[in-house]
Amino acid sequence: MTLSHFLQTLVPFTSEELHDIVSQFKREEIAKNTTLIAEGEISRRFYFMESGMGRSYYLKEDGKDITQWFFGRGKFMASVDSFFQQSPSLYFLETLEDSVLYSISKTEMDLLFSKYHKMEQLGRLASIEMLTKVTNKLNAIQFQTAKQRYEYMLEEFPDISHRVSLGHIASYLGMTQETLSRIRRK
């Protein structure tokens with residue numbers, strides 16, 4: 001899904017508005033396993049993933065990484081709190097596949113919000129979608145069985161098991177790789 005198409009699915013921009021908005025984004029081809037933001041850094045860019053796969057994760061004290069979220073084609077990818085508050089990120093952002101990303105700086109995003117009322121509407125709709133997905137994941141981890149969490153993940157990311165390591169998937173679901181393997185066998 002292209003950035004233009006994605007924006008149009010959320011808000012009916014005119015072709016002139018859409019052209020101006022998209023022109024503020026920088027196209028980047030990013031190699032697999034590239035760290036876009038490290039924990040403690042301030043997120044300077046907000047990304048749209050045209051193709052590829054990425055994830056956000058954090059490191060536990062023992063050095064084990066825990067996947068917080070996956071980002072696939074046609075989705076925004078960011079350390080949201082770091083980007084909008086310009087505060088140190090709690091998470092790492094990395095690409096899991098060769099990816100084509102479109103990125104925009106905080107200053108450029110703020111200018112678009114000021115220039116176009118529809119951009120504020122887009123920001124609100126995207127924020128609601130992100131909040132809903134995070135809430136759904138939190139509810140899944142708190143109230144669902146391991147099997148139900150796995151099924152929830154497959155609904156959210158249908159082709160993920162062919163694109164992401166089992167270790168990343170297990171940590172995202174809050175379970176061991178052994179538990180994940182047992183669920184997948186059934």
# chains A, B, ... in the order shown; residues from 1 in each chain; ligands from 1

call {"tool": "select_by_dssp", "arguments": {"residues": "range 29-144 of chain A", "states": "strand (DSSP E or B)", "output": "number ranges by chain"}}
result
A: 29-30, 35-37, 42, 45-51, 54-59, 65-71, 75-77, 88, 92-95, 99-105

call {"tool": "select_by_dssp", "arguments": {"residues": "chain A", "states": "alpha helix (DSSP H)", "output": "ChimeraX atom specification"}}
result
/A:3-10,15-23,80-85,106-115,117-143,146-156,166-173,177-185

call {"tool": "write_last_selection", "arguments": {"atoms": "C-alpha atoms", "output": "PDB file, in the first residue's frame"}}
result
ATOM      1  CA  LEU A   3       1.506   6.322   1.408  1.00  0.00           C
ATOM      2  CA  SER A   4      -0.932   8.266  -0.802  1.00  0.00           C
ATOM      3  CA  HIS A   5      -3.422   5.413  -0.856  1.00  0.00           C
ATOM      4  CA  PHE A   6      -3.148   4.891   2.900  1.00  0.00           C
ATOM      5  CA  LEU A   7      -3.756   8.578   3.646  1.00  0.00           C
ATOM      6  CA  GLN A   8      -6.762   8.630   1.308  1.00  0.00           C
ATOM      7  CA  THR A   9      -8.313   5.634   3.078  1.00  0.00           C
ATOM      8  CA  LEU A  10      -8.382   7.621   6.313  1.00  0.00           C
ATOM      9  CA  SER A  15      -5.114  15.814  -4.913  1.00  0.00           C
ATOM     10  CA  GLU A  16      -3.256  19.093  -4.223  1.00  0.00           C
ATOM     11  CA  GLU A  17      -3.276  18.504  -0.453  1.00  0.00           C
ATOM     12  CA  LEU A  18      -2.178  14.909  -0.902  1.00  0.00           C
ATOM     13  CA  HIS A  19       0.670  15.892  -3.215  1.00  0.00           C
ATOM     14  CA  ASP A  20       1.920  18.512  -0.754  1.00  0.00           C
ATOM     15  CA  ILE A  21       1.650  16.152   2.222  1.00  0.00           C
ATOM     16  CA  VAL A  22       3.397  13.223   0.525  1.00  0.00           C
ATOM     17  CA  SER A  23       6.162  15.533  -0.741  1.00  0.00           C
ATOM     18  CA  VAL A  80       5.212   7.319  19.365  1.00  0.00           C
ATOM     19  CA  ASP A  81       5.799   8.809  22.801  1.00  0.00           C
ATOM     20  CA  SER A  82       9.405   9.655  21.948  1.00  0.00           C
ATOM     21  CA  PHE A  83       8.487  11.245  18.618  1.00  0.00           C
ATOM     22  CA  PHE A  84       5.594  13.415  19.781  1.00  0.00           C
ATOM     23  CA  GLN A  85       7.082  14.370  23.155  1.00  0.00           C
ATOM     24  CA  LYS A 106       8.491  16.234  13.895  1.00  0.00           C
ATOM     25  CA  THR A 107       8.900  19.792  12.577  1.00  0.00           C
ATOM     26  CA  GLU A 108       7.545  18.825   9.138  1.00  0.00           C
ATOM     27  CA  MET A 109       4.653  16.907  10.727  1.00  0.00           C
ATOM     28  CA  ASP A 110       3.758  19.876  12.952  1.00  0.00           C
ATOM     29  CA  LEU A 111       3.762  22.183   9.916  1.00  0.00           C
ATOM     30  CA  LEU A 112       1.358  19.845   8.114  1.00  0.00           C
ATOM     31  CA  PHE A 113      -0.898  19.717  11.192  1.00  0.00           C
ATOM     32  CA  SER A 114      -0.960  23.529  11.221  1.00  0.00           C
ATOM     33  CA  LYS A 115      -1.493  23.845   7.486  1.00  0.00           C
ATOM     34  CA  HIS A 117      -7.140  20.628   9.352  1.00  0.00           C
ATOM     35  CA  LYS A 118      -7.544  17.237   7.683  1.00  0.00           C
ATOM     36  CA  MET A 119      -4.049  16.272   8.896  1.00  0.00           C
ATOM     37  CA  GLU A 120      -5.205  16.813  12.463  1.00  0.00           C
ATOM     38  CA  GLN A 121      -8.160  14.541  11.679  1.00  0.00           C
ATOM     39  CA  LEU A 122      -5.749  11.945  10.261  1.00  0.00           C
ATOM     40  CA  GLY A 123      -3.601  12.194  13.401  1.00  0.00           C
ATOM     41  CA  ARG A 124      -6.647  11.690  15.601  1.00  0.00           C
ATOM     42  CA  LEU A 125      -7.848   8.665  13.612  1.00  0.00           C
ATOM     43  CA  ALA A 126      -4.368   7.096  13.550  1.00  0.00           C
ATOM     44  CA  SER A 127      -3.995   7.702  17.307  1.00  0.00           C
ATOM     45  CA  ILE A 128      -7.344   6.066  18.024  1.00  0.00           C
ATOM     46  CA  GLU A 129      -6.389   3.054  15.891  1.00  0.00           C
ATOM     47  CA  MET A 130      -3.022   2.690  17.663  1.00  0.00           C
ATOM     48  CA  LEU A 131      -4.585   3.071  21.111  1.00  0.00           C
ATOM     49  CA  THR A 132      -7.234   0.488  20.276  1.00  0.00           C
ATOM     50  CA  LYS A 133      -4.627  -2.019  19.063  1.00  0.00           C
ATOM     51  CA  VAL A 134      -2.430  -1.516  22.126  1.00  0.00           C
ATOM     52  CA  THR A 135      -5.462  -1.918  24.406  1.00  0.00           C
ATOM     53  CA  ASN A 136      -6.497  -5.086  22.554  1.00  0.00           C
ATOM     54  CA  LYS A 137      -2.995  -6.532  22.945  1.00  0.00           C
ATOM     55  CA  LEU A 138      -2.916  -5.675  26.642  1.00  0.00           C
ATOM     56  CA  ASN A 139      -6.330  -7.286  27.129  1.00  0.00           C
ATOM     57  CA  ALA A 140      -5.180 -10.368  25.224  1.00  0.00           C
ATOM     58  CA  ILE A 141      -2.116 -10.778  27.426  1.00  0.00           C
ATOM     59  CA  GLN A 142      -4.116 -10.247  30.617  1.00  0.00           C
ATOM     60  CA  PHE A 143      -7.267 -12.213  29.888  1.00  0.00           C
ATOM     61  CA  ALA A 146      -1.785 -18.630  25.110  1.00  0.00           C
ATOM     62  CA  LYS A 147      -3.731 -20.213  22.230  1.00  0.00           C
ATOM     63  CA  GLN A 148      -6.178 -17.295  22.091  1.00  0.00           C
ATOM     64  CA  ARG A 149      -3.266 -14.810  22.059  1.00  0.00           C
ATOM     65  CA  TYR A 150      -1.684 -16.689  19.162  1.00  0.00           C
ATOM     66  CA  GLU A 151      -4.966 -16.638  17.224  1.00  0.00           C
ATOM     67  CA  TYR A 152      -5.340 -12.899  17.967  1.00  0.00           C
ATOM     68  CA  MET A 153      -1.844 -12.269  16.596  1.00  0.00           C
ATOM     69  CA  LEU A 154      -2.617 -14.193  13.404  1.00  0.00           C
ATOM     70  CA  GLU A 155      -5.714 -12.046  12.868  1.00  0.00           C
ATOM     71  CA  GLU A 156      -3.629  -8.898  13.308  1.00  0.00           C
ATOM     72  CA  LEU A 166       9.674 -17.677  16.498  1.00  0.00           C
ATOM     73  CA  GLY A 167      11.651 -15.994  19.270  1.00  0.00           C
ATOM     74  CA  HIS A 168      10.277 -12.565  18.323  1.00  0.00           C
ATOM     75  CA  ILE A 169       6.744 -13.957  18.051  1.00  0.00           C
ATOM     76  CA  ALA A 170       6.953 -15.750  21.408  1.00  0.00           C
ATOM     77  CA  SER A 171       8.215 -12.627  23.183  1.00  0.00           C
ATOM     78  CA  TYR A 172       5.453 -10.543  21.565  1.00  0.00           C
ATOM     79  CA  LEU A 173       2.875 -13.023  22.854  1.00  0.00           C
ATOM     80  CA  GLN A 177       9.186 -20.636  22.327  1.00  0.00           C
ATOM     81  CA  GLU A 178       8.312 -24.113  23.594  1.00  0.00           C
ATOM     82  CA  THR A 179       4.733 -23.031  24.384  1.00  0.00           C
ATOM     83  CA  LEU A 180       4.478 -21.352  20.993  1.00  0.00           C
ATOM     84  CA  SER A 181       5.732 -24.519  19.261  1.00  0.00           C
ATOM     85  CA  ARG A 182       3.125 -26.642  21.081  1.00  0.00           C
ATOM     86  CA  ILE A 183       0.325 -24.260  20.064  1.00  0.00           C
ATOM     87  CA  ARG A 184       1.466 -24.209  16.434  1.00  0.00           C
ATOM     88  CA  ARG A 185       1.565 -28.039  16.282  1.00  0.00           C
TER      89      ARG A 185
END

call {"tool": "closest_residue", "arguments": {"among": "A:Thr35, A:Ser51, A:Thr2, A:Thr145", "to": "Asp98 in chain A", "atoms": "only C-alpha atoms"}}
result
A:Ser51

call {"tool": "atom_distance", "arguments": {"atom1": "CA of Arg45 in chain A", "atom2": "CA of His162 in chain A"}}
result
28.4 Å

call {"tool": "closest_residue", "arguments": {"among": "A:Tyr57, A:Phe48, A:Tyr116, A:Phe157", "to": "Ser99 in chain A", "atoms": "only C-alpha atoms"}}
result
A:Phe48

call {"tool": "atom_distance", "arguments": {"atom1": "CA of Leu36 in chain A", "atom2": "CA of Ser161 in chain A"}}
result
22.9 Å

call {"tool": "residues_around", "arguments": {"residues": "Val164 in chain A", "least_positions_apart": "5", "cutoff": "10 Å", "atoms": "only C-alpha atoms", "output": "list of chain:residue names"}}
result
A:Met53, A:Gly54, A:Arg55, A:Phe70, A:Leu96, A:Glu97, A:Asp159, A:Ile169
